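Trainee: So here's target-v6.cif, just mmCIF, C-alpha atoms:
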data_my_file
loop_
_atom_site.group_PDB
_atom_site.id
_atom_site.type_symbol
_atom_site.label_atom_id
_atom_site.label_comp_id
_atom_site.auth_asym_id
_atom_site.auth_seq_id
_atom_site.Cartn_x
_atom_site.Cartn_y
_atom_site.Cartn_z
ATOM 1 C CA MET A 98 112.180 101.384 90.596
ATOM 2 C CA ALA A 99 108.543 102.483 90.481
ATOM 3 C CA LEU A 100 106.485 101.009 87.694
ATOM 4 C CA PRO A 101 104.008 103.249 85.861
ATOM 5 C CA LEU A 102 100.501 102.841 87.215
ATOM 6 C CA PHE A 103 98.719 103.810 84.050
ATOM 7 C CA ALA A 104 100.537 101.781 81.457
ATOM 8 C CA GLY A 105 99.013 100.942 78.091
ATOM 9 C CA ALA A 106 95.906 98.799 78.511
ATOM 10 C CA LEU A 107 96.604 95.159 77.647
ATOM 11 C CA PHE A 108 93.451 93.598 79.046
ATOM 12 C CA SER A 109 89.898 93.417 77.825
ATOM 13 C CA LEU A 110 87.719 92.801 80.838
ATOM 14 C CA PRO A 111 84.156 91.495 80.755
ATOM 15 C CA ALA A 112 81.394 94.028 81.192
ATOM 16 C CA HIS A 113 79.962 94.056 84.714
ATOM 17 C CA ALA A 114 82.925 92.053 86.022
ATOM 18 C CA ALA A 115 82.143 92.585 89.695
ATOM 19 C CA PRO A 116 79.477 89.847 90.060
ATOM 20 C CA TRP A 117 82.035 87.267 88.919
ATOM 21 C CA VAL A 118 84.779 88.233 91.328
ATOM 22 C CA PRO A 119 85.563 84.969 93.158
ATOM 23 C CA TRP A 120 86.358 86.555 96.492
ATOM 24 C CA ALA A 121 82.973 88.303 96.812
ATOM 25 C CA PHE A 122 81.666 85.896 99.385
ATOM 26 C CA SER A 123 82.997 86.739 102.840
ATOM 27 C CA TRP A 124 82.341 90.439 103.241
ATOM 28 C CA ASP A 125 79.310 92.640 103.473
ATOM 29 C CA ARG A 126 79.352 95.243 100.699
ATOM 30 C CA ASN A 127 77.410 97.817 102.731
ATOM 31 C CA GLU A 128 79.644 97.343 105.770
ATOM 32 C CA ALA A 129 82.756 97.602 103.617
ATOM 33 C CA THR A 130 81.732 100.808 101.902
ATOM 34 C CA HIS A 131 80.862 102.616 105.118
ATOM 35 C CA GLN A 132 84.236 102.104 106.770
ATOM 36 C CA HIS A 133 86.787 104.841 106.080
ATOM 37 C CA VAL A 134 90.457 103.898 106.058
ATOM 38 C CA SER A 135 93.093 106.604 105.703
ATOM 39 C CA PRO A 136 95.970 106.039 103.227
ATOM 40 C CA GLU A 137 98.414 105.750 106.128
ATOM 41 C CA GLN A 138 96.248 103.179 107.918
ATOM 42 C CA GLY A 139 95.696 101.245 104.719
ATOM 43 C CA LEU A 140 99.384 101.123 103.885
ATOM 44 C CA LYS A 141 100.209 99.833 107.359
ATOM 45 C CA LYS A 142 97.471 97.212 107.383
ATOM 46 C CA ILE A 143 98.157 95.847 103.916
ATOM 47 C CA LYS A 144 101.756 95.102 104.924
ATOM 48 C CA THR A 145 100.647 92.898 107.820
ATOM 49 C CA THR A 146 97.402 91.284 106.613
ATOM 50 C CA SER A 147 97.205 88.374 104.198
ATOM 51 C CA LEU A 148 94.970 89.451 101.342
ATOM 52 C CA TRP A 149 94.070 85.816 100.740
ATOM 53 C CA SER A 150 91.928 85.573 103.857
ATOM 54 C CA PRO A 151 88.456 86.814 104.846
ATOM 55 C CA GLU A 152 90.055 89.607 106.865
ATOM 56 C CA GLY A 153 92.257 90.551 103.932
ATOM 57 C CA GLU A 154 89.326 90.605 101.525
ATOM 58 C CA LEU A 155 87.339 92.942 103.737
ATOM 59 C CA LEU A 156 90.379 95.169 104.220
ATOM 60 C CA VAL A 157 91.048 95.546 100.500
ATOM 61 C CA VAL A 158 87.396 96.139 99.658
ATOM 62 C CA ARG A 159 87.418 98.945 102.216
ATOM 63 C CA LEU A 160 90.612 100.345 100.720
ATOM 64 C CA VAL A 161 89.460 100.347 97.104
ATOM 65 C CA LYS A 162 86.074 101.811 98.054
ATOM 66 C CA SER A 163 87.765 104.583 100.008
ATOM 67 C CA LYS A 164 87.845 108.086 98.554
ATOM 68 C CA SER A 165 91.590 108.063 99.208
ATOM 69 C CA PHE A 166 92.241 104.886 97.160
ATOM 70 C CA LEU A 167 94.321 106.609 94.476
ATOM 71 C CA LYS A 168 96.335 108.437 97.131
ATOM 72 C CA MET A 169 96.995 105.102 98.810
ATOM 73 C CA VAL A 170 98.110 103.607 95.498
ATOM 74 C CA GLU A 171 100.566 106.469 95.000
ATOM 75 C CA MET A 172 101.972 106.022 98.516
ATOM 76 C CA PHE A 173 102.322 102.276 98.108
ATOM 77 C CA GLU A 174 103.940 102.634 94.691
ATOM 78 C CA LYS A 175 106.715 104.781 96.151
ATOM 79 C CA GLU A 176 107.638 101.986 98.556
ATOM 80 C CA ILE A 177 107.884 99.270 95.911
ATOM 81 C CA SER A 178 111.219 98.643 94.238
ATOM 82 C CA GLU A 179 113.208 95.748 92.800
ATOM 83 C CA LYS A 180 114.570 95.218 96.313
ATOM 84 C CA SER A 181 111.118 94.739 97.839
ATOM 85 C CA ASN A 182 109.935 91.408 99.194
ATOM 86 C CA PRO A 183 108.114 89.447 96.439
ATOM 87 C CA GLU A 184 105.135 88.863 98.712
ATOM 88 C CA LEU A 185 104.768 92.602 99.342
ATOM 89 C CA ILE A 186 105.000 93.268 95.613
ATOM 90 C CA SER A 187 102.294 90.693 94.904
ATOM 91 C CA ARG A 188 100.092 92.260 97.593
ATOM 92 C CA TYR A 189 100.358 95.563 95.781
ATOM 93 C CA GLY A 190 99.359 93.777 92.580
ATOM 94 C CA MET A 191 96.326 92.380 94.380
ATOM 95 C CA LEU A 192 95.368 95.845 95.611
ATOM 96 C CA LEU A 193 95.308 96.994 91.988
ATOM 97 C CA THR A 194 93.435 93.862 90.914
ATOM 98 C CA TYR A 195 90.707 94.368 93.496
ATOM 99 C CA GLY A 196 90.529 98.022 92.489
ATOM 100 C CA ALA A 197 90.092 97.030 88.851
ATOM 101 C CA TYR A 198 87.262 94.585 89.430
ATOM 102 C CA ILE A 199 85.352 96.873 91.763
ATOM 103 C CA SER A 200 85.834 99.917 89.539
ATOM 104 C CA GLU A 201 82.837 101.025 87.509
ATOM 105 C CA ASP A 202 85.041 102.701 84.896
ATOM 106 C CA GLU A 203 86.192 100.306 82.156
ATOM 107 C CA GLY A 204 89.173 102.494 81.293
ATOM 108 C CA ASP A 205 90.412 102.455 84.882
ATOM 109 C CA MET A 206 89.813 98.709 85.055
ATOM 110 C CA ALA A 207 92.037 98.063 82.054
ATOM 111 C CA GLN A 208 94.778 100.391 83.291
ATOM 112 C CA LEU A 209 94.793 98.910 86.782
ATOM 113 C CA THR A 210 94.947 95.324 85.530
ATOM 114 C CA THR A 211 97.859 96.142 83.237
ATOM 115 C CA ALA A 212 99.772 97.698 86.124
ATOM 116 C CA ALA A 213 98.893 94.764 88.406
ATOM 117 C CA ASP A 214 100.313 92.290 85.889
ATOM 118 C CA GLU A 215 103.595 94.211 85.788
ATOM 119 C CA TYR A 216 103.898 93.914 89.559
ATOM 120 C CA TYR A 217 103.142 90.186 89.487
ATOM 121 C CA ASP A 218 105.874 89.788 86.881
ATOM 122 C CA LEU A 219 108.273 91.725 89.115
ATOM 123 C CA ALA A 220 107.418 89.530 92.118
ATOM 124 C CA LEU A 221 107.864 86.335 90.106
ATOM 125 C CA SER A 222 111.128 87.547 88.579
ATOM 126 C CA LYS A 223 112.465 87.782 92.136
ATOM 127 C CA ASP A 224 110.983 84.465 93.275
ATOM 128 C CA ASN A 225 109.431 82.143 90.714
ATOM 129 C CA THR A 226 107.711 80.220 93.517
ATOM 130 C CA CYS A 227 105.942 83.297 94.934
ATOM 131 C CA TRP A 228 102.504 81.891 95.755
ATOM 132 C CA GLY A 229 100.779 85.280 95.811
ATOM 133 C CA GLY A 230 102.324 86.245 92.491
ATOM 134 C CA TRP A 231 101.007 83.172 90.697
ATOM 135 C CA LEU A 232 97.565 83.256 92.289
ATOM 136 C CA GLY A 233 97.261 86.979 91.636
ATOM 137 C CA LYS A 234 98.212 86.533 87.991
ATOM 138 C CA ALA A 235 95.757 83.651 87.609
ATOM 139 C CA THR A 236 92.972 85.707 89.174
ATOM 140 C CA LEU A 237 93.785 88.637 86.930
ATOM 141 C CA TYR A 238 93.824 86.543 83.747
ATOM 142 C CA GLY A 239 90.851 84.355 84.613
ATOM 143 C CA PHE A 240 88.264 87.072 84.148
ATOM 144 C CA SER A 241 89.571 88.571 80.931
ATOM 145 C CA LYS A 242 87.626 88.247 77.692
ATOM 146 C CA GLU A 243 90.903 87.282 76.006
ATOM 147 C CA ARG A 244 90.724 83.505 75.613
ATOM 148 C CA ASN A 245 94.490 83.019 75.710
ATOM 149 C CA LEU A 246 94.661 84.785 79.077
ATOM 150 C CA GLU A 247 91.756 82.766 80.437
ATOM 151 C CA ALA A 248 93.475 79.566 79.272
ATOM 152 C CA SER A 249 96.712 80.640 80.991
ATOM 153 C CA SER A 250 94.784 81.241 84.199
ATOM 154 C CA ILE A 251 93.211 77.802 84.138
ATOM 155 C CA LYS A 252 96.615 76.207 83.515
ATOM 156 C CA ILE A 253 98.205 78.093 86.431
ATOM 157 C CA LEU A 254 95.385 77.231 88.836
ATOM 158 C CA LYS A 255 95.362 73.542 87.906
ATOM 159 C CA SER A 256 99.130 73.416 88.469
ATOM 160 C CA MET A 257 98.721 75.093 91.867
ATOM 161 C CA ILE A 258 95.989 72.649 92.883
ATOM 162 C CA GLU A 259 98.070 69.686 91.780
ATOM 163 C CA ALA A 260 101.059 70.961 93.784
ATOM 164 C CA GLN A 261 99.067 71.457 96.979
ATOM 165 C CA GLN A 262 96.921 68.320 97.024
ATOM 166 C CA LYS A 263 98.521 67.255 100.291
ATOM 167 C CA THR A 264 98.263 70.675 101.934
ATOM 168 C CA LYS A 265 96.004 70.664 104.997
ATOM 169 C CA SER A 266 96.868 74.017 106.548
ATOM 170 C CA ASN A 267 96.728 77.691 105.637
ATOM 171 C CA TRP A 268 93.246 78.949 104.825
ATOM 172 C CA HIS A 269 94.319 80.753 101.683
ATOM 173 C CA HIS A 270 95.200 77.515 99.909
ATOM 174 C CA VAL A 271 91.475 77.176 99.215
ATOM 175 C CA TYR A 272 91.623 80.069 96.768
ATOM 176 C CA PRO A 273 92.798 78.126 93.693
ATOM 177 C CA TYR A 274 89.621 76.015 93.990
ATOM 178 C CA LEU A 275 87.414 79.069 94.475
ATOM 179 C CA VAL A 276 88.933 81.028 91.611
ATOM 180 C CA LEU A 277 89.067 78.114 89.159
ATOM 181 C CA GLY A 278 85.469 77.170 89.926
ATOM 182 C CA ALA A 279 84.373 80.788 89.485
ATOM 183 C CA ILE A 280 86.027 80.933 86.063
ATOM 184 C CA TYR A 281 84.039 77.908 84.908
ATOM 185 C CA GLU A 282 80.922 79.362 86.510
ATOM 186 C CA ARG A 283 81.354 82.507 84.409
ATOM 187 C CA LYS A 284 81.771 80.287 81.350
ATOM 188 C CA ARG A 285 78.419 78.721 82.383
ATOM 189 C CA ASP A 286 80.089 75.344 82.739
ATOM 190 C CA PHE A 287 78.361 74.761 86.055
ATOM 191 C CA LEU A 288 79.092 71.024 86.150
ATOM 192 C CA THR A 289 82.865 71.570 86.034
ATOM 193 C CA ALA A 290 82.616 74.411 88.544
ATOM 194 C CA ARG A 291 80.807 72.169 91.036
ATOM 195 C CA GLU A 292 83.311 69.348 90.459
ATOM 196 C CA ILE A 293 86.162 71.714 91.339
ATOM 197 C CA TRP A 294 84.406 73.050 94.441
ATOM 198 C CA THR A 295 83.532 69.497 95.508
ATOM 199 C CA GLU A 296 87.201 68.540 95.227
ATOM 200 C CA GLY A 297 88.075 71.607 97.268
ATOM 201 C CA LEU A 298 85.678 70.516 99.998
ATOM 202 C CA ARG A 299 87.523 67.213 100.316
ATOM 203 C CA HIS A 300 90.550 69.182 101.465
ATOM 204 C CA PHE A 301 88.725 72.072 103.180
ATOM 205 C CA PRO A 302 85.452 70.554 104.441
ATOM 206 C CA ASN A 303 84.704 73.409 106.821
ATOM 207 C CA ASN A 304 85.366 76.245 104.415
ATOM 208 C CA GLU A 305 82.402 78.588 104.494
ATOM 209 C CA ALA A 306 82.939 79.952 100.976
ATOM 210 C CA LEU A 307 83.039 76.526 99.320
ATOM 211 C CA ASN A 308 80.020 75.331 101.239
ATOM 212 C CA SER A 309 78.168 78.471 100.205
ATOM 213 C CA LYS A 310 79.042 77.874 96.565
ATOM 214 C CA MET A 311 77.739 74.321 96.720
ATOM 215 C CA ALA A 312 74.517 75.468 98.374
ATOM 216 C CA ASP A 313 73.688 77.989 95.631
#
Show me this structure written as structure tokens.

Mentor:
Amino acid sequence: MALPLFAGALFSLPAHAAPWVPWAFSWDRNEATHQHVSPEQGLKKIKTTSLWSPEGELLVVRLVKSKSFLKMVEMFEKEISEKSNPELISRYGMLLTYGAYISEDEGDMAQLTTAADEYYDLALSKDNTCWGGWLGKATLYGFSKERNLEASSIKILKSMIEAQQKTKSNWHHVYPYLVLGAIYERKRDFLTAREIWTEGLRHFPNNEALNSKMAD
């Protein structure tokens, strides 16, 4: 079952969203935009690379900046069905989410985020504990101008942080701290943002992104 890419727009995104994207810390924008990835290469790589990692971030930025991004989206969409692995479905949602926040067209941004949310819902309907599905949805909602969506994002991220307080492995577990802090940063609540990042550093003291945030 392929979901429609350009569904009715349900999201109202902030103008100039890109500077607030929480993952924009571990890749070089110029390097990313000068690397061409074919749709076939992109499809293969996205199936085997965790998007919640520095390598995954750089990969997706290259994909969404590629001239063949829409072709890649079409190819990926044909492979997604209700029988697909929830993690793969959530990765597709993240591809659309990255595409939305890097897009310079507000109409495309809204359409991509709506489609991404439908894929997160599909992933979570198959596995309500799908980590990528929840984090993707929280990231998607956290940078909307709709206050109810922003509030839902904060609630999801706080629940994820509470559930993983004892986690000491897997680099991507740092993302709830990064995303939640970035949401408060956008709200100009810098004190709360720094408190969240400081708490993250207690669990991930060597994380480059958190240390960079605290140094700003």

Trainee: Quick one, how far is CA of Glu296 in chain A from CA of Leu237 in chain A?

Mentor: 22.7 Å

Trainee: Grab the CA of Leu277 in chain A to CA of Ala260 in chain A distance for me, in Å with one decimal place.

Mentor: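 The value is 14.7 Å.
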
Trainee: Enumerate, as JSON, numbers by chain, the residues matched when the PyMOL selection byres ((chain A and resi 191) around 9) is run on the file above.

Mentor: {"A": [148, 157, 186, 187, 188, 189, 190, 192, 193, 194, 195, 196, 213, 217, 229, 230, 233, 234, 237]}

Trainee: Selection in question (the file shown): the PyMOL selection byres ((chain A and resi 248-258) around 6). Which residues does it include, as a list of chain:residue names?

Mentor: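 This file, filtered by the PyMOL selection byres ((chain A and resi 248-258) around 6), leaves A:Ala235, A:Tyr238, A:Gly239, A:Asn245, A:Leu246, A:Glu247, A:Glu259, A:Ala260, A:Gln261, A:Pro273.
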
Trainee: Could you state the separation of CA of His133 in chain A and CA of Ser163 in chain A in Å, given to one decimal place?

Mentor: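 Here the two named atoms are 6.2 Å from each other.
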
Trainee: Go through A:Thr226, A:Glu154, A:Glu292, A:Leu219 one by one, measure the shortest atom-to-atom distance of each to Tyr272 in chain A using only C-alpha atoms, and give the residue with the smallest value.

Mentor: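 Checking each of A:Thr226, A:Glu154, A:Glu292, A:Leu219 against Tyr272 in chain A, counting only C-alpha atoms, the winner is A:Glu154.
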
Trainee: Using all atoms listed in the file, which residue out of A:Leu209, A:Ser150, A:Thr145, A:Lys223 lies closest to Glu179 in chain A?

Mentor: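 Under the stated criterion, the closest residue is A:Lys223.
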
Trainee: Identify which of the residues A:Met169, A:Val271, A:Val134, A:Cys227 lies closest to Gly297 in chain A, counting all atoms listed in the file when measuring atom-to-atom distances.

Mentor: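 Among A:Met169, A:Val271, A:Val134, A:Cys227, it is A:Val271 that comes nearest to Gly297 in chain A.
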